[in-house]
Protein chains: 2
Amino acid sequence: MPPNPDTPRATVREVGLRDGLQSIATIVSTARKIEWLDAAHAAGLREVEVGSFVPVRLLPQLADTAEVLAHALTLPGLMPSVLVPNLKGAERAIACGAPWMIVPLSASHAHSLANLRKTPDEVVADVARMRAARDAAGSRTRIEGGVGTAFGCTIQGEVPEAEVLRLLQALIDAGADRVSLADTVGYADPAGVQRLFEKARALVGEHLAGAHFHDTRGLGLANCYAAWQTGVRRFDACLAGIGGCPHAPGASGNVTTEDLAFMLERMGAATGLNVPALLALRRRVEGWLAGETLHGTLWRAGLPRLAAA
Amino acid sequence: MPPNPDTPRATVREVGLRDGLQSIATIVSTARKIEWLDAAHAAGLREVEVGSFVPVRLLPQLADTAEVLAHALTLPGLMPSVLVPNLKGAERAIACGAPWMIVPLSASHAHSLANLRKTPDEVVADVARMRAARDAAGSRTRIEGGVGTAFGCTIQGEVPEAEVLRLLQALIDAGADRVSLADTVGYADPAGVQRLFEKARALVGEHLAGAHFHDTRGLGLANCYAAWQTGVRRFDACLAGIGGCPHAPGASGNVTTEDLAFMLERMGAATGLNVPALLALRRRVEGWLAGETLHGTLWRAGLPRLAAA
């Protein structure tokens, strides 16, 4: 179906090489990641989170982030991003010329302490230091503050909306160029998504740049649609739904790229994505990650036939 | 989470015993179906499509519909329905005292001829005859016209919205008590769902009684949420997502009951459903249908933890 000119453009940001692979035991070589990235680019993906500048001992899977990023920067029109958990990571992202660095912040204090060993406000203070370092270096690397556990937390349970909103504003005040909301553990429902994104949009306007949903309990695409209804136009997703959930072995990870691309295109949105090429890449990923649990639904049935023979 | 008093009630109609089982090769005994129905009732389901009055040679799996219906009528508060493809089936439904009979109509002419061997308007004429038979018998069996392939068709491709709307009105004019829209083959997207359900609501008002989505390409719950946004409060679903798609072996069938129940409850809607009991019943269904491909997502991760310990 050709894009409907009345429907806005949508961007799918592929995060499989970071959020996906970081939970996958099979170590993927740098050459394979570059092959993967090239195929993703060829399928039309123009925003890709390529890795994370974390200590190698914590995430050996992502030890080659600088090399993958360097390759990504050679691909025409591709806007790569990297995750940075602290100032040291941000300095590497700046040194490597990453267009975007994503700073994870957990709105759940309990989750923040358990996973980042910092309070949310300590992460906000980090962002201020990253902004100062970026500006001092004359760098053009931009900062996205990603507020996770925004819809609930496996440790703390409910996360107050007011706290999520406070942290979004604090990130912008500290110098983040934009912010996004993430349902890190698959607790969000579409009504809650629509409510929180509407409030966030009212508070920070166009600084609200994207949505990151996990499909842990099957609501990933419903949540994307709910966020879309509030004006969100950038969605994170992983090819073949890789990534899983560390709190529920075997459970789904991020929203599946090819399913999301199909939904958006079928809605008439222009994504620039070639869904058959994504499905073909999925089959290659299946081979590369043999033995890992993959997810997604479209691959079973394939694309619908839309015109009579 | 307790239901939000500001959020409307929602009804999940379990169709696993009809739409689910009719595509399943494993023959399920009447005793097992009754056990299944009892557990579904105990888990809070109050609307169940218990079978179909079709010729036994066509669907031996559903040959015991009258017995299952008779048992369903003994369960307190349960509103069973049966599918009837023609006047003969309707006469059996009336004779058995079914509270509701559902008449399938395919908005795709090509699909209608291939599956029902009638044009859509011949089905409308059947409904008029069923209504006359019902009224002549002094029966209280009500008629739901279910308009299928409302969002596209595997044979014909696109199905015009105007034709779907025309057929909804024609069904009501012929005497149907209410109508519903079905995405029989998993072609619907949430934007299209919202658009068509809004138009249908504007045309037939409260006669529009429900939505029937398949999860063939992963959009089932997103489509439910889109329909919910237009005021739909009754959704068909199958436990364990059974049913599959005859056009795509291994593909998902109907929306999964336990996933849908979780979504609605998490949105704050009162469904009357006990999600842990549905998950427990799913495990029993897995045992009964060993070897069949089941679907759904919630079962892997389980319910979220919503309060701190």
# chains A, B, ... in the order shown; residues from 1 in each chain; ligands from 1
>>> residues_around(residues="region 180-184 of chain A", least_positions_apart="6", cutoff="8 Å", atoms="only C-alpha atoms", output="JSON, numbers by chain")
{"A": [144, 145, 146, 147, 148, 149, 150, 151, 152, 153, 208, 209, 210, 211, 212, 213, 214]}
>>> select_by_dssp(residues="region 81-256 of chain B", states="strand (DSSP E or B)", output="PyMOL selection string")
chain B and resi 81-83+100-106+142-148+150+152-153+157+178-183+208-214+234-238+245+248+254+256
>>> write_last_selection(atoms="C-alpha atoms", output="mmCIF file, in the first residue's frame")
data_model
loop_
_atom_site.group_PDB
_atom_site.id
_atom_site.type_symbol
_atom_site.label_atom_id
_atom_site.label_comp_id
_atom_site.auth_asym_id
_atom_site.auth_seq_id
_atom_site.Cartn_x
_atom_site.Cartn_y
_atom_site.Cartn_z
ATOM 1 C CA SER B 81 -24.016 -18.402 21.425
ATOM 2 C CA VAL B 82 -23.767 -20.696 18.418
ATOM 3 C CA LEU B 83 -22.731 -20.101 14.843
ATOM 4 C CA TRP B 100 -27.777 -15.957 20.552
ATOM 5 C CA MET B 101 -27.065 -17.272 17.087
ATOM 6 C CA ILE B 102 -24.299 -15.721 15.040
ATOM 7 C CA VAL B 103 -24.708 -15.636 11.264
ATOM 8 C CA PRO B 104 -21.422 -15.253 9.388
ATOM 9 C CA LEU B 105 -21.451 -13.042 6.348
ATOM 10 C CA SER B 106 -18.349 -12.333 4.295
ATOM 11 C CA ARG B 142 -31.476 -13.385 19.091
ATOM 12 C CA ILE B 143 -29.552 -12.924 15.860
ATOM 13 C CA GLU B 144 -26.091 -11.409 15.480
ATOM 14 C CA GLY B 145 -24.864 -10.761 11.972
ATOM 15 C CA GLY B 146 -21.084 -11.139 11.911
ATOM 16 C CA VAL B 147 -19.538 -9.340 8.951
ATOM 17 C CA GLY B 148 -16.249 -11.055 8.192
ATOM 18 C CA ALA B 150 -14.308 -6.628 6.790
ATOM 19 C CA GLY B 152 -9.442 -7.386 3.564
ATOM 20 C CA CYS B 153 -9.550 -10.843 2.071
ATOM 21 C CA GLY B 157 -7.541 -8.420 -1.554
ATOM 22 C CA ARG B 178 -27.107 -6.714 16.375
ATOM 23 C CA VAL B 179 -24.012 -6.833 14.176
ATOM 24 C CA SER B 180 -20.283 -7.232 14.615
ATOM 25 C CA LEU B 181 -17.192 -6.782 12.458
ATOM 26 C CA ALA B 182 -14.551 -9.463 11.976
ATOM 27 C CA ASP B 183 -11.027 -9.416 10.590
ATOM 28 C CA LEU B 208 -22.770 -2.520 16.559
ATOM 29 C CA ALA B 209 -22.073 -5.085 19.228
ATOM 30 C CA GLY B 210 -18.551 -6.391 18.950
ATOM 31 C CA ALA B 211 -15.200 -6.933 17.311
ATOM 32 C CA HIS B 212 -13.593 -10.182 16.228
ATOM 33 C CA PHE B 213 -9.880 -9.965 15.466
ATOM 34 C CA HIS B 214 -7.330 -12.533 14.470
ATOM 35 C CA ARG B 234 -17.278 -6.807 23.370
ATOM 36 C CA PHE B 235 -14.311 -8.684 21.926
ATOM 37 C CA ASP B 236 -14.025 -12.250 20.690
ATOM 38 C CA ALA B 237 -10.965 -14.222 21.752
ATOM 39 C CA CYS B 238 -9.691 -17.793 22.120
ATOM 40 C CA CYS B 245 -5.255 -19.460 10.000
ATOM 41 C CA ALA B 248 -1.101 -19.764 6.687
ATOM 42 C CA ASN B 254 -7.862 -15.412 17.209
ATOM 43 C CA THR B 256 -5.624 -14.747 22.845
#
>>> interface_residues(of="chain A", to="chain B", cutoff="9 Å", atoms="only C-alpha atoms", output="number ranges by chain")
A: 152-158, 185-192, 215-226, 245, 247-252, 259-260, 262-264, 266-268, 296-309
>>> residues_around(residues="Ala162 (chain A)", least_positions_apart="3", cutoff="12 Å", atoms="only C-alpha atoms", output="PyMOL selection string")
chain A and resi 107-108+150-151+158-159+165-169+195-196+199-200+203
>>> atom_distance(atom1="CA of Glu292 (chain B)", atom2="CA of Ile24 (chain B)")
7.4 Å
>>> closest_residue(among="A:Thr11, A:Ser52, A:Thr119, A:Thr26", to="Gly291 (chain A)", atoms="only C-alpha atoms")
A:Thr26
>>> select_by_dssp(residues="region 116-196 of chain B", states="helix (DSSP H, G or I)", output="ChimeraX atom specification")
/B:116,120-136,161-173,190-196
>>> closest_residue(among="A:Met79, A:Leu21, A:Leu279, A:Ala72", to="Pro99 (chain A)", atoms="only C-alpha atoms")
A:Met79
>>> decode(residues="region 140-160 of chain A", atoms="N, CA, C and O atoms", output="short mmCIF file (atom, residue, chain, number, x, y, z; two decimals), in the first residue's frame")
data_model
loop_
_atom_site.label_atom_id
_atom_site.label_comp_id
_atom_site.auth_asym_id
_atom_site.auth_seq_id
_atom_site.Cartn_x
_atom_site.Cartn_y
_atom_site.Cartn_z
N ARG A 140 29.15 17.71 18.32
CA ARG A 140 27.75 17.80 17.91
C ARG A 140 26.96 16.57 18.39
O ARG A 140 25.81 16.39 17.99
N THR A 141 27.56 15.73 19.21
CA THR A 141 26.84 14.56 19.74
C THR A 141 25.67 15.05 20.60
O THR A 141 25.87 15.81 21.55
N ARG A 142 24.50 14.59 20.24
CA ARG A 142 23.32 15.03 20.99
C ARG A 142 22.93 13.99 22.04
O ARG A 142 23.32 12.81 21.94
N ILE A 143 22.20 14.47 23.03
CA ILE A 143 21.88 13.64 24.21
C ILE A 143 20.39 13.35 24.28
O ILE A 143 19.58 14.27 24.28
N GLU A 144 20.05 12.05 24.34
CA GLU A 144 18.66 11.66 24.59
C GLU A 144 18.58 11.04 25.97
O GLU A 144 19.33 10.10 26.27
N GLY A 145 17.71 11.56 26.78
CA GLY A 145 17.47 10.95 28.09
C GLY A 145 16.34 9.95 27.97
O GLY A 145 15.22 10.32 27.60
N GLY A 146 16.63 8.70 28.24
CA GLY A 146 15.61 7.66 28.09
C GLY A 146 15.08 7.25 29.46
O GLY A 146 15.78 6.60 30.23
N VAL A 147 13.85 7.62 29.75
CA VAL A 147 13.28 7.34 31.08
C VAL A 147 12.62 5.96 31.06
O VAL A 147 11.56 5.77 30.46
N GLY A 148 13.29 5.02 31.71
CA GLY A 148 12.80 3.64 31.75
C GLY A 148 11.94 3.36 32.97
O GLY A 148 11.77 4.20 33.84
N THR A 149 11.42 2.14 33.02
CA THR A 149 10.45 1.71 34.05
C THR A 149 9.39 2.79 34.25
O THR A 149 8.93 3.02 35.37
N ALA A 150 9.01 3.45 33.16
CA ALA A 150 8.08 4.57 33.24
C ALA A 150 6.66 4.11 33.48
O ALA A 150 5.79 4.92 33.83
N PHE A 151 6.40 2.81 33.32
CA PHE A 151 5.03 2.30 33.45
C PHE A 151 4.92 1.22 34.53
O PHE A 151 3.90 0.55 34.62
N GLY A 152 5.98 1.09 35.32
CA GLY A 152 5.96 0.07 36.36
C GLY A 152 7.31 -0.61 36.41
O GLY A 152 8.13 -0.49 35.50
N CYS A 153 7.53 -1.33 37.50
CA CYS A 153 8.86 -1.87 37.78
C CYS A 153 8.76 -3.21 38.48
O CYS A 153 7.91 -3.40 39.35
N THR A 154 9.61 -4.12 38.08
CA THR A 154 9.59 -5.46 38.67
C THR A 154 9.97 -5.47 40.15
O THR A 154 9.63 -6.41 40.86
N ILE A 155 10.70 -4.46 40.59
CA ILE A 155 11.13 -4.42 41.99
C ILE A 155 10.15 -3.60 42.82
O ILE A 155 9.65 -4.03 43.85
N GLN A 156 9.86 -2.42 42.32
CA GLN A 156 9.09 -1.43 43.09
C GLN A 156 7.60 -1.56 42.86
O GLN A 156 6.80 -1.08 43.67
N GLY A 157 7.20 -2.18 41.75
CA GLY A 157 5.77 -2.22 41.42
C GLY A 157 5.38 -0.96 40.68
O GLY A 157 6.00 -0.61 39.69
N GLU A 158 4.38 -0.25 41.21
CA GLU A 158 3.91 0.97 40.53
C GLU A 158 4.97 2.07 40.57
O GLU A 158 5.70 2.21 41.56
N VAL A 159 5.04 2.84 39.51
CA VAL A 159 5.92 4.02 39.44
C VAL A 159 5.01 5.23 39.22
O VAL A 159 4.27 5.27 38.24
N PRO A 160 5.05 6.21 40.13
CA PRO A 160 4.11 7.33 40.01
C PRO A 160 4.34 8.14 38.73
O PRO A 160 5.47 8.47 38.39
#
